[in-house]
$ cat upload_38.txt   # compact mmCIF, C-alpha atoms
# COMPACT_ATOMS: atom_id res chain seq x y z
CA MET N 1 46.79 -56.96 150.18
CA SER N 2 46.10 -60.68 150.32
CA GLU N 3 47.68 -63.06 147.86
CA GLN N 4 45.75 -65.74 146.01
CA PRO N 5 47.92 -68.81 145.35
CA GLU N 6 46.17 -69.72 142.10
CA TYR N 7 46.94 -66.30 140.63
CA VAL N 8 50.54 -66.42 141.79
CA ASP N 9 50.91 -69.87 140.21
CA ARG N 10 49.48 -68.57 136.93
CA ALA N 11 51.81 -65.58 137.14
CA ARG N 12 54.81 -67.88 137.61
CA THR N 13 53.84 -69.88 134.53
CA LEU N 14 53.24 -66.81 132.38
CA ILE N 15 56.49 -65.18 133.51
CA MET N 16 58.51 -68.23 132.53
CA ASP N 17 56.62 -68.54 129.22
CA THR N 18 57.36 -64.87 128.54
CA LEU N 19 61.05 -65.26 129.36
CA ASN N 20 61.39 -68.32 127.17
CA GLN N 21 59.97 -66.28 124.30
CA GLU N 22 61.52 -62.85 124.92
CA LEU N 23 64.70 -64.11 126.68
CA ALA N 24 64.99 -60.84 128.60
CA VAL N 25 62.50 -58.23 129.84
CA VAL N 26 62.45 -55.11 131.98
CA ARG N 27 60.12 -55.14 134.97
CA LEU N 28 57.47 -52.78 133.60
CA GLU N 29 57.46 -54.69 130.33
CA LEU N 30 56.80 -57.92 132.21
CA GLU N 31 53.96 -56.25 134.08
CA ALA N 32 52.47 -55.11 130.76
CA ARG N 33 52.79 -58.56 129.19
CA VAL N 34 51.33 -60.42 132.18
CA SER N 35 48.95 -57.98 133.88
CA GLU N 36 47.46 -56.09 130.93
CA HIS N 37 46.26 -59.03 128.86
CA PHE N 38 43.44 -61.50 129.27
CA TYR N 39 44.10 -65.17 128.68
CA VAL N 40 42.16 -67.97 127.04
CA GLY N 41 40.20 -69.91 129.63
CA HIS N 42 40.38 -67.18 132.30
CA ALA N 43 37.88 -64.42 133.05
CA SER N 44 40.42 -61.92 134.35
CA ASN N 45 44.04 -60.87 134.11
CA ILE N 46 46.80 -61.25 136.71
CA ASP N 47 47.31 -58.15 138.81
CA PRO N 48 50.78 -56.63 139.32
CA HIS N 49 50.98 -57.56 143.00
CA HIS N 50 50.69 -61.24 142.01
CA VAL N 51 53.51 -60.68 139.51
CA THR N 52 55.64 -59.21 142.31
CA THR N 53 55.09 -62.26 144.49
CA ALA N 54 55.73 -64.65 141.61
CA LEU N 55 59.01 -62.93 140.76
CA ARG N 56 60.15 -63.17 144.35
CA GLU N 57 59.38 -66.90 144.40
CA LEU N 58 61.05 -67.54 141.04
CA LYS N 59 64.18 -65.73 142.17
CA SER N 60 64.22 -67.75 145.40
CA ASP N 61 63.87 -70.94 143.34
CA ASN N 62 66.81 -69.86 141.12
CA LEU N 63 64.66 -69.92 138.00
CA ILE N 64 65.28 -66.29 137.03
CA GLN N 65 68.12 -63.80 137.24
CA ARG N 66 68.06 -60.04 137.72
CA VAL N 67 70.94 -58.56 135.75
CA THR N 68 71.89 -54.87 135.82
CA ALA N 69 74.03 -53.45 133.03
CA PRO N 70 74.50 -50.09 131.30
CA SER N 71 72.51 -49.11 128.23
CA ARG N 72 74.14 -47.29 125.33
CA GLY N 73 73.35 -43.99 127.02
CA GLY N 74 75.00 -45.08 130.24
CA HIS N 75 71.82 -45.75 132.25
CA GLN N 76 72.06 -48.74 134.58
CA ILE N 77 69.04 -50.87 133.69
CA GLU N 78 67.95 -54.14 135.21
CA THR N 79 66.62 -56.94 133.05
CA ILE N 80 64.95 -60.15 134.15
CA GLN N 81 66.32 -63.22 132.43
CA PRO N 82 65.89 -67.00 132.67
CA ALA N 83 68.52 -68.59 134.88
CA ASN N 84 68.91 -71.46 132.42
CA ARG N 85 71.19 -70.08 129.70
CA THR N 86 72.03 -73.43 128.08
CA ASN N 87 72.47 -73.03 124.30
CA ARG N 88 71.05 -69.50 124.40
CA SER N 89 73.55 -67.38 126.31
CA THR N 90 74.37 -65.14 123.33
CA ALA N 91 70.71 -64.78 122.39
CA ILE N 92 69.82 -63.77 125.95
CA ASP N 93 72.59 -61.17 126.06
CA ARG N 94 71.46 -59.69 122.74
CA ALA N 95 67.84 -59.59 123.86
CA ALA N 96 68.85 -57.90 127.12
CA ALA N 97 70.85 -55.25 125.28
CA ARG N 98 67.89 -54.57 123.01
CA LYS N 99 65.48 -54.21 125.93
CA ARG N 100 67.89 -51.91 127.78
CA ALA N 101 68.14 -49.67 124.73
CA LEU N 102 64.35 -49.47 124.34
CA TYR N 103 63.78 -48.86 128.02
CA ALA N 104 66.50 -46.19 128.13
CA LYS N 105 64.65 -44.36 125.34
CA TYR N 106 61.36 -44.62 127.23
CA THR N 107 63.03 -43.50 130.47
CA GLY N 108 64.38 -40.43 128.70
CA TRP N 109 60.83 -39.50 127.74
CA ALA N 110 59.48 -40.24 131.22
CA GLN N 111 62.18 -38.89 133.53
CA GLY N 112 63.72 -36.10 131.53
CA THR N 113 66.90 -35.14 129.71
CA VAL N 114 69.05 -32.03 129.48
CA ARG N 115 66.85 -30.82 126.64
CA HIS N 116 63.57 -31.75 128.37
CA PRO N 117 64.28 -31.65 132.14
CA GLN N 118 60.64 -32.33 133.05
CA GLY N 119 60.43 -35.22 130.65
CA LEU N 120 57.84 -35.52 127.92
CA ILE N 121 55.36 -38.04 129.26
CA GLY N 122 54.40 -36.24 132.47
CA PRO N 123 53.61 -32.91 130.78
CA ALA N 124 51.82 -34.74 127.94
CA GLY N 125 49.48 -36.37 130.47
CA GLU N 126 48.81 -33.06 132.17
CA GLN N 127 47.97 -31.45 128.83
CA ALA N 128 45.70 -34.38 127.92
CA VAL N 129 43.77 -33.81 131.14
CA ARG N 130 43.60 -30.02 130.83
CA SER N 131 42.30 -30.19 127.27
CA ALA N 132 39.75 -32.81 128.36
CA ILE N 133 38.54 -30.56 131.18
CA LEU N 134 38.14 -27.71 128.70
CA ALA N 135 36.28 -29.96 126.25
CA ALA N 136 33.94 -31.21 128.97
CA SER N 137 32.77 -27.64 129.76
CA ALA N 138 31.81 -28.83 133.24
CA LEU N 139 34.13 -26.68 135.37
CA GLN N 140 35.03 -23.05 135.80
CA PRO N 141 38.85 -22.79 135.77
CA LEU N 142 40.91 -21.52 138.66
CA ALA N 143 43.76 -20.65 136.25
CA PRO N 144 43.75 -19.97 132.51
CA GLY N 145 43.51 -23.21 130.56
CA PHE N 146 43.18 -25.14 133.83
CA GLY N 147 46.90 -24.76 134.39
CA GLU N 148 48.91 -25.54 137.51
CA VAL N 149 48.02 -23.62 140.66
CA SER N 150 49.64 -23.36 144.09
CA THR N 151 46.96 -21.29 145.83
CA VAL N 152 43.37 -22.51 145.99
CA LEU N 153 40.58 -20.66 147.83
CA GLY N 154 43.26 -18.42 149.32
CA VAL N 155 45.20 -21.40 150.72
CA GLN N 156 48.88 -21.78 149.81
CA LEU N 157 49.19 -25.54 149.35
CA SER N 158 52.31 -27.51 150.25
CA GLY N 159 52.82 -28.06 146.54
CA PRO N 160 51.02 -27.12 143.33
CA VAL N 161 48.15 -29.12 141.89
CA ASP N 162 48.08 -29.79 138.17
CA SER N 163 44.61 -28.30 137.64
CA ALA N 164 41.73 -26.93 139.68
CA GLY N 165 38.28 -25.56 139.08
CA PHE N 166 34.69 -25.28 140.28
CA LEU N 167 31.88 -27.71 139.52
CA VAL N 168 28.32 -26.43 139.90
CA PRO N 169 25.95 -29.35 140.54
CA GLN N 170 22.23 -28.99 139.83
CA ILE N 171 19.21 -30.48 141.55
CA ALA N 172 15.99 -30.33 139.52
CA GLY N 173 17.69 -27.75 137.31
CA ILE N 174 18.57 -25.48 140.24
CA PRO N 175 22.31 -24.67 140.67
CA GLN N 176 23.78 -25.67 144.01
CA ALA N 177 26.87 -24.53 145.91
CA PRO N 178 30.00 -24.88 143.75
CA VAL N 179 32.32 -27.81 144.48
CA THR N 180 36.06 -27.12 144.35
CA ALA N 181 37.88 -29.86 142.44
CA ILE N 182 41.66 -30.25 142.54
CA PHE N 183 43.44 -32.51 140.08
CA GLU N 184 46.73 -34.40 140.16
CA VAL N 185 47.90 -36.23 137.03
CA LYS N 186 50.20 -39.25 137.25
CA ASN N 187 50.89 -40.34 133.68
CA ILE N 188 53.07 -43.27 134.77
CA ARG N 189 53.37 -46.94 133.76
CA GLY N 190 52.85 -48.42 137.22
CA TRP N 191 49.32 -49.09 138.43
CA ILE N 192 48.00 -46.94 141.29
CA TYR N 193 47.17 -49.04 144.36
CA PRO N 194 45.60 -47.85 147.64
CA GLN N 195 49.09 -47.70 149.18
CA SER N 196 50.72 -45.81 146.27
CA PRO N 197 52.43 -42.57 147.39
CA GLU N 198 51.16 -40.80 144.24
CA LEU N 199 47.59 -41.13 145.50
CA PHE N 200 48.30 -39.44 148.81
CA GLN N 201 49.93 -36.43 147.18
CA VAL N 202 46.55 -35.14 146.02
CA LEU N 203 44.72 -36.37 149.14
CA SER N 204 47.10 -34.59 151.51
CA LYS N 205 46.65 -31.31 149.61
CA ALA N 206 42.89 -31.73 149.75
CA VAL N 207 43.16 -32.19 153.53
CA GLU N 208 45.06 -28.87 153.78
CA LEU N 209 42.35 -27.16 151.74
CA GLN N 210 39.47 -28.71 153.69
CA ALA N 211 41.06 -27.82 157.04
CA ALA N 212 41.11 -24.17 156.00
CA HIS N 213 37.52 -24.31 154.71
CA PRO N 214 35.73 -26.99 156.76
CA ASN N 215 32.28 -26.07 155.45
CA LEU N 216 33.08 -25.85 151.73
CA PRO N 217 32.56 -28.84 149.39
CA ILE N 218 35.90 -30.07 148.03
CA VAL N 219 36.74 -33.09 145.87
CA PRO N 220 40.26 -34.42 145.14
CA ILE N 221 40.68 -36.09 141.74
CA LEU N 222 43.59 -38.32 140.71
CA VAL N 223 44.05 -39.02 137.01
CA CYS N 224 46.41 -41.85 136.10
CA ARG N 225 47.08 -44.38 133.38
CA ARG N 226 45.74 -47.39 135.28
CA ALA N 227 44.56 -48.10 138.80
CA HIS N 228 43.83 -51.34 140.62
CA GLU N 229 40.16 -52.05 141.34
CA THR N 230 40.73 -51.72 145.08
CA THR N 231 41.75 -48.09 144.53
CA PHE N 232 38.30 -47.38 143.09
CA TRP N 233 36.69 -49.08 146.12
CA MET N 234 38.79 -46.90 148.40
CA ALA N 235 37.83 -43.77 146.47
CA LYS N 236 34.10 -44.49 146.76
CA GLN N 237 34.33 -45.08 150.51
CA LEU N 238 36.59 -42.13 151.35
CA GLY N 239 35.12 -39.54 148.99
CA PHE N 240 37.61 -38.88 146.23
CA ILE N 241 37.76 -39.67 142.52
CA VAL N 242 40.16 -41.75 140.45
CA ILE N 243 40.06 -41.61 136.65
CA ALA N 244 42.12 -44.19 134.75
CA MET N 245 42.83 -42.88 131.24
CA GLU N 246 43.96 -46.35 130.08
CA ARG N 247 46.18 -44.51 127.64
CA GLN N 248 49.66 -43.09 128.15
CA TYR N 249 50.32 -39.91 126.20
CA ALA N 250 53.97 -39.46 125.22
CA GLY N 251 53.97 -35.94 123.77
CA THR N 252 55.01 -34.85 120.31
CA ALA N 253 58.79 -34.36 120.50
CA MET N 254 59.43 -37.87 119.22
CA THR N 255 58.41 -39.47 115.93
CA ASP N 256 55.60 -41.94 115.40
CA GLU N 257 58.21 -44.53 114.46
CA GLU N 258 60.06 -44.08 117.76
CA VAL N 259 56.88 -44.52 119.77
CA ILE N 260 55.87 -47.60 117.78
CA GLU N 261 59.34 -49.11 118.29
CA VAL N 262 59.10 -48.72 122.07
CA ARG N 263 55.43 -49.70 122.22
CA ASN N 264 55.94 -52.93 120.27
CA GLY N 265 59.32 -53.81 121.76
CA LEU N 266 58.19 -53.44 125.40
CA ASP N 267 54.49 -54.27 124.88
CA PHE N 268 53.44 -50.84 126.14
CA ASN N 269 50.27 -51.12 124.09
CA ASP N 270 48.61 -47.96 125.41
CA LEU N 271 51.63 -45.71 124.75
CA HIS N 272 50.71 -43.16 122.07
CA ARG N 273 52.27 -40.06 120.59
CA GLY N 274 50.28 -36.90 121.31
CA THR N 275 48.77 -34.84 124.11
CA GLY N 276 45.12 -35.82 124.08
CA PRO N 277 42.54 -34.77 125.04
CA SER N 278 41.73 -37.77 127.21
CA LEU N 279 38.28 -38.95 126.21
CA ARG N 280 37.97 -40.94 129.44
CA VAL N 281 38.47 -37.79 131.54
CA GLN N 282 36.05 -35.80 129.38
CA GLU N 283 33.34 -38.46 129.65
CA ARG N 284 33.67 -38.79 133.43
CA LEU N 285 33.47 -35.04 133.96
CA GLN N 286 30.42 -34.68 131.74
CA GLY N 287 28.68 -37.64 133.37
CA PRO N 288 28.99 -39.17 136.84
CA ILE N 289 31.35 -36.59 138.38
CA SER N 290 29.12 -33.63 137.56
CA GLN N 291 26.09 -35.56 138.80
CA ASN N 292 27.58 -36.86 142.05
CA CYS N 293 30.21 -34.29 143.06
CA ALA N 294 28.20 -32.81 145.96
CA GLU N 295 27.67 -36.24 147.52
CA ILE N 296 31.33 -37.17 147.01
CA ALA N 297 32.41 -33.88 148.58
CA GLU N 298 30.29 -34.56 151.67
CA THR N 299 31.95 -37.97 152.10
CA TRP N 300 35.36 -36.37 151.65
CA ARG N 301 34.58 -33.77 154.33
CA GLY N 302 34.14 -36.55 156.89
CA THR N 303 37.23 -38.39 155.66
CA SER N 304 39.39 -35.29 155.82
CA ALA N 305 38.36 -34.58 159.40
CA GLY N 306 38.58 -38.15 160.67
CA LEU N 307 41.34 -39.81 158.63
CA GLY N 308 43.25 -36.97 157.00
CA HIS N 309 46.14 -37.06 159.49
CA TYR N 310 47.34 -40.30 157.89
CA PHE N 311 47.66 -38.83 154.39
CA ALA N 312 50.61 -36.46 154.89
CA ALA N 313 52.80 -39.33 156.08
CA LEU N 314 51.64 -41.67 153.32
CA LYS N 315 52.49 -39.21 150.52
CA GLY N 316 56.20 -39.71 151.26
CA LYS N 317 58.47 -42.71 151.03
CA GLN N 318 58.95 -44.98 154.00
CA SER N 319 60.38 -48.43 154.49
CA SER N 320 57.99 -51.21 153.50
CA PRO N 321 57.24 -52.15 157.15
CA GLN N 322 56.53 -48.51 158.08
CA ARG N 323 54.23 -48.01 155.12
CA ALA N 324 52.43 -51.28 155.78
CA LEU N 325 51.85 -50.21 159.39
CA LEU N 326 50.43 -46.83 158.34
CA MET N 327 48.11 -48.50 155.84
CA ARG N 328 46.89 -50.98 158.47
CA GLN N 329 46.14 -48.08 160.80
CA LEU N 330 44.30 -46.17 158.06
CA ARG N 331 42.25 -49.21 157.07
CA ALA N 332 41.38 -49.95 160.72
CA ALA N 333 40.26 -46.37 161.32
CA SER N 334 38.19 -46.43 158.13
CA THR N 335 36.51 -49.70 159.12
CA LYS N 336 35.85 -48.40 162.63
CA ARG N 337 33.83 -45.49 161.28
CA GLY N 338 31.70 -47.92 159.24
CA ASP N 339 33.37 -48.14 155.83
CA ARG N 340 33.09 -51.47 154.05
CA GLY N 341 36.84 -51.86 153.48
CA GLY N 342 38.26 -54.37 151.01
CA TRP N 343 41.05 -52.06 149.91
$ encode --input "upload_38.txt" --output "structure tokens"
Amino acid sequence: MSEQPEYVDRARTLIMDTLNQELAVVRLELEARVSEHFYVGHASNIDPHHVTTALRELKSDNLIQRVTAPSRGGHQIETIQPANRTNRSTAIDRAAARKRALYAKYTGWAQGTVRHPQGLIGPAGEQAVRSAILAASALQPLAPGFGEVSTVLGVQLSGPVDSAGFLVPQIAGIPQAPVTAIFEVKNIRGWIYPQSPELFQVLSKAVELQAAHPNLPIVPILVCRRAHETTFWMAKQLGFIVIAMERQYAGTAMTDEEVIEVRNGLDFNDLHRGTGPSLRVQERLQGPISQNCAEIAETWRGTSAGLGHYFAALKGKQSSPQRALLMRQLRAASTKRGDRGGW
């Protein structure tokens, strides 16, 4: 993805302004403070990939430090701090300790504990999506309550999908062939980009399903907290669906006060206690997805046959150069078949 120097320069300025105010931040907090706000005099925000580049430059210029230290619970947590500690060394250390404590609490919700090995945030997002699918009344479920399934249309998938069901599109009031929709939910803080492994988890499973049933209409759907605009461009061209909830559900095992403390302290403004339903998912299923699912499925059929062999590799973790090479190959193949690109 190309960098735009003016955005990187703005990111550098905002990062240093943030550090001078907060004294210490964790990476996802910095992304929230810089990338999820709009600024006076500018028509758009600063995307996370510009923040990444700006951080790399600031570190190279010795203007910031990355400091890893244990939180109270023993987690090793990195904070980003200003390199200039003159007359504020104690204040920076206190701020860093506070941010580590808040982030350790959030990490416990997100990654799991002995009491909640699956975490709280992941299951809360899945429940928010399932209840939204039920409320939309647009699909027939493959499992009770649109729960997790490992076998779809008689195909044992390489891993379970979070939900699945059948959409029945209509043309002039006449029901058409049902479209099989499979859902993956990624209720995470990081934005989903075209190269994100999380995206290819659902796409690779949809390829398995389409290969077994080449003539059936199938649509993969990824639901996440936020996605970069290029991911939506990619989805339109390749024939899948991305729904950004723009809300992160945390579950109900914690108190409102605990959520507010983390939300305010780390600027996670869309973090909320509860399990939904996600109104964004409900609205999309009742509107454009139900109306356009047959057309999307036809695009996906061509993508699965022509480009699907890239997706299994991209769902895993590779070195940055390997992943970049795979993405270049995927983009080139997509462009060759006539897609507009831009993602």
$ residues_around --input "upload_38.txt" --residues "Pro277 (chain N)" --least-positions-apart "6" --cutoff "10 Å" --atoms "all atoms listed in the file" --output "list in words"
Ala124, Gly125, Glu126, Gln127, Ala128, Val129, Arg130, Ser131, Ala132, Ile133, Leu134, Ala135 and Tyr249 of chain N
$ residues_around --input "upload_38.txt" --residues "Pro141 (chain N)" --least-positions-apart "5" --cutoff "9 Å" --atoms "only C-alpha atoms" --output "number ranges by chain"
N: 134, 146-147, 163-166
$ residues_around --input "upload_38.txt" --residues "region 286-295 of chain N" --least-positions-apart "4" --cutoff "12 Å" --atoms "all atoms listed in the file" --output "PyMOL selection string"
chain N and resi 132-139+166-173+175-181+216-221+236-243+279-282+299-302
$ atom_distance --input "upload_38.txt" --atom1 "CA of Met234 (chain N)" --atom2 "CA of Val185 (chain N)"
18.1 Å
$ closest_residue --input "upload_38.txt" --among "N:Arg323, N:Arg88, N:Arg273, N:Arg189" --to "Leu120 (chain N)" --atoms "all atoms listed in the file"
N:Arg273
$ atom_distance --input "upload_38.txt" --atom1 "CA of Val114 (chain N)" --atom2 "CA of Thr252 (chain N)"
17.0 Å
$ residues_near_point --input "upload_38.txt" --point "(50.8, -57.2, 128.8)" --cutoff "10 Å" --atoms "all atoms listed in the file" --output "JSON, numbers by chain"
{"N": [28, 29, 30, 31, 32, 33, 34, 35, 36, 37, 38, 45, 46, 266, 267, 268, 269]}
$ closest_residue --input "upload_38.txt" --among "N:Glu246, N:Asp270, N:Glu22, N:Glu57" --to "Ala91 (chain N)" --atoms "all atoms listed in the file"
N:Glu22
$ closest_atom_pairs --input "upload_38.txt" --of "region 77-196 of chain N" --to "region 326-330 of chain N" --cutoff "12 Å" --atoms "only C-alpha atoms" --output "CSV"
residue,atom,partner,partner_atom,distance
N:Tyr193,CA,N:Met327,CA,11.5
N:Pro194,CA,N:Met327,CA,8.6
N:Gln195,CA,N:Met327,CA,6.8
N:Ser196,CA,N:Met327,CA,10.3
$ write_last_selection --input "upload_38.txt" --atoms "C-alpha atoms" --output "JSON list (two decimals), keeping the file's coordinate frame"
[["chain", "number", "residue", "atom", "x", "y", "z"],
["N", 193, "TYR", "CA", 47.17, -49.04, 144.36],
["N", 194, "PRO", "CA", 45.60, -47.85, 147.64],
["N", 195, "GLN", "CA", 49.09, -47.70, 149.18],
["N", 196, "SER", "CA", 50.72, -45.81, 146.27]]
$ build_atoms --input "upload_38.txt" --residues "region 69-79 of chain N" --atoms "all heavy atoms" --output "mmCIF file, in the coordinates of the input"
data_model
loop_
_atom_site.group_PDB
_atom_site.id
_atom_site.type_symbol
_atom_site.label_atom_id
_atom_site.label_comp_id
_atom_site.auth_asym_id
_atom_site.auth_seq_id
_atom_site.Cartn_x
_atom_site.Cartn_y
_atom_site.Cartn_z
ATOM 1 N N ALA N 69 72.931 -53.808 133.931
ATOM 2 C CA ALA N 69 74.030 -53.450 133.030
ATOM 3 C C ALA N 69 73.722 -52.102 132.406
ATOM 4 O O ALA N 69 72.561 -51.674 132.383
ATOM 5 C CB ALA N 69 74.213 -54.522 131.954
ATOM 6 N N PRO N 70 74.746 -51.411 131.889
ATOM 7 C CA PRO N 70 74.500 -50.090 131.300
ATOM 8 C C PRO N 70 73.882 -50.194 129.910
ATOM 9 O O PRO N 70 74.186 -51.111 129.136
ATOM 10 C CB PRO N 70 75.891 -49.459 131.241
ATOM 11 C CG PRO N 70 76.822 -50.633 131.154
ATOM 12 C CD PRO N 70 76.188 -51.731 131.945
ATOM 13 N N SER N 71 73.001 -49.245 129.600
ATOM 14 C CA SER N 71 72.510 -49.110 128.230
ATOM 15 C C SER N 71 73.511 -48.286 127.447
ATOM 16 O O SER N 71 74.525 -47.835 127.975
ATOM 17 C CB SER N 71 71.151 -48.420 128.238
ATOM 18 O OG SER N 71 71.303 -47.065 128.669
ATOM 19 N N ARG N 72 73.228 -48.084 126.168
ATOM 20 C CA ARG N 72 74.140 -47.290 125.330
ATOM 21 C C ARG N 72 74.305 -45.874 125.867
ATOM 22 O O ARG N 72 75.353 -45.269 125.724
ATOM 23 C CB ARG N 72 73.622 -47.251 123.892
ATOM 24 C CG ARG N 72 73.751 -48.577 123.149
ATOM 25 C CD ARG N 72 73.257 -48.449 121.725
ATOM 26 N NE ARG N 72 73.361 -49.705 120.999
ATOM 27 C CZ ARG N 72 72.942 -49.887 119.742
ATOM 28 N NH1 ARG N 72 72.361 -48.865 119.101
ATOM 29 N NH2 ARG N 72 73.067 -51.057 119.145
ATOM 30 N N GLY N 73 73.262 -45.343 126.485
ATOM 31 C CA GLY N 73 73.350 -43.990 127.020
ATOM 32 C C GLY N 73 73.969 -43.922 128.391
ATOM 33 O O GLY N 73 74.078 -42.838 128.967
ATOM 34 N N GLY N 74 74.355 -45.069 128.939
ATOM 35 C CA GLY N 74 75.000 -45.080 130.240
ATOM 36 C C GLY N 74 74.083 -45.352 131.404
ATOM 37 O O GLY N 74 74.537 -45.486 132.540
ATOM 38 N N HIS N 75 72.756 -45.443 131.178
ATOM 39 C CA HIS N 75 71.820 -45.750 132.250
ATOM 40 C C HIS N 75 72.019 -47.195 132.719
ATOM 41 O O HIS N 75 72.160 -48.112 131.903
ATOM 42 C CB HIS N 75 70.373 -45.572 131.781
ATOM 43 C CG HIS N 75 70.030 -44.175 131.381
ATOM 44 N ND1 HIS N 75 69.753 -43.182 132.293
ATOM 45 C CD2 HIS N 75 69.923 -43.600 130.158
ATOM 46 C CE1 HIS N 75 69.472 -42.062 131.663
ATOM 47 N NE2 HIS N 75 69.580 -42.280 130.357
ATOM 48 N N GLN N 76 72.013 -47.394 134.023
ATOM 49 C CA GLN N 76 72.060 -48.740 134.580
ATOM 50 C C GLN N 76 70.630 -49.293 134.604
ATOM 51 O O GLN N 76 69.761 -48.768 135.293
ATOM 52 C CB GLN N 76 72.650 -48.712 135.993
ATOM 53 C CG GLN N 76 74.118 -48.320 136.042
ATOM 54 C CD GLN N 76 75.031 -49.398 135.461
ATOM 55 O OE1 GLN N 76 74.770 -50.595 135.583
ATOM 56 N NE2 GLN N 76 76.101 -48.958 134.819
ATOM 57 N N ILE N 77 70.402 -50.334 133.843
ATOM 58 C CA ILE N 77 69.040 -50.870 133.690
ATOM 59 C C ILE N 77 69.039 -52.356 134.011
ATOM 60 O O ILE N 77 69.874 -53.117 133.514
ATOM 61 C CB ILE N 77 68.518 -50.628 132.252
ATOM 62 C CG1 ILE N 77 68.382 -49.121 132.021
ATOM 63 C CG2 ILE N 77 67.187 -51.343 132.026
ATOM 64 C CD1 ILE N 77 67.980 -48.745 130.617
ATOM 65 N N GLU N 78 68.082 -52.733 134.840
ATOM 66 C CA GLU N 78 67.950 -54.140 135.210
ATOM 67 C C GLU N 78 67.040 -54.877 134.245
ATOM 68 O O GLU N 78 65.972 -54.385 133.880
ATOM 69 C CB GLU N 78 67.382 -54.262 136.621
ATOM 70 C CG GLU N 78 67.211 -55.701 137.087
ATOM 71 C CD GLU N 78 66.507 -55.820 138.418
ATOM 72 O OE1 GLU N 78 65.253 -55.795 138.415
ATOM 73 O OE2 GLU N 78 67.211 -55.903 139.442
ATOM 74 N N THR N 79 67.481 -56.055 133.825
ATOM 75 C CA THR N 79 66.620 -56.940 133.050
ATOM 76 C C THR N 79 66.403 -58.233 133.821
ATOM 77 O O THR N 79 67.241 -58.641 134.624
ATOM 78 C CB THR N 79 67.206 -57.264 131.667
ATOM 79 O OG1 THR N 79 68.520 -57.827 131.825
ATOM 80 C CG2 THR N 79 67.280 -56.023 130.788
#
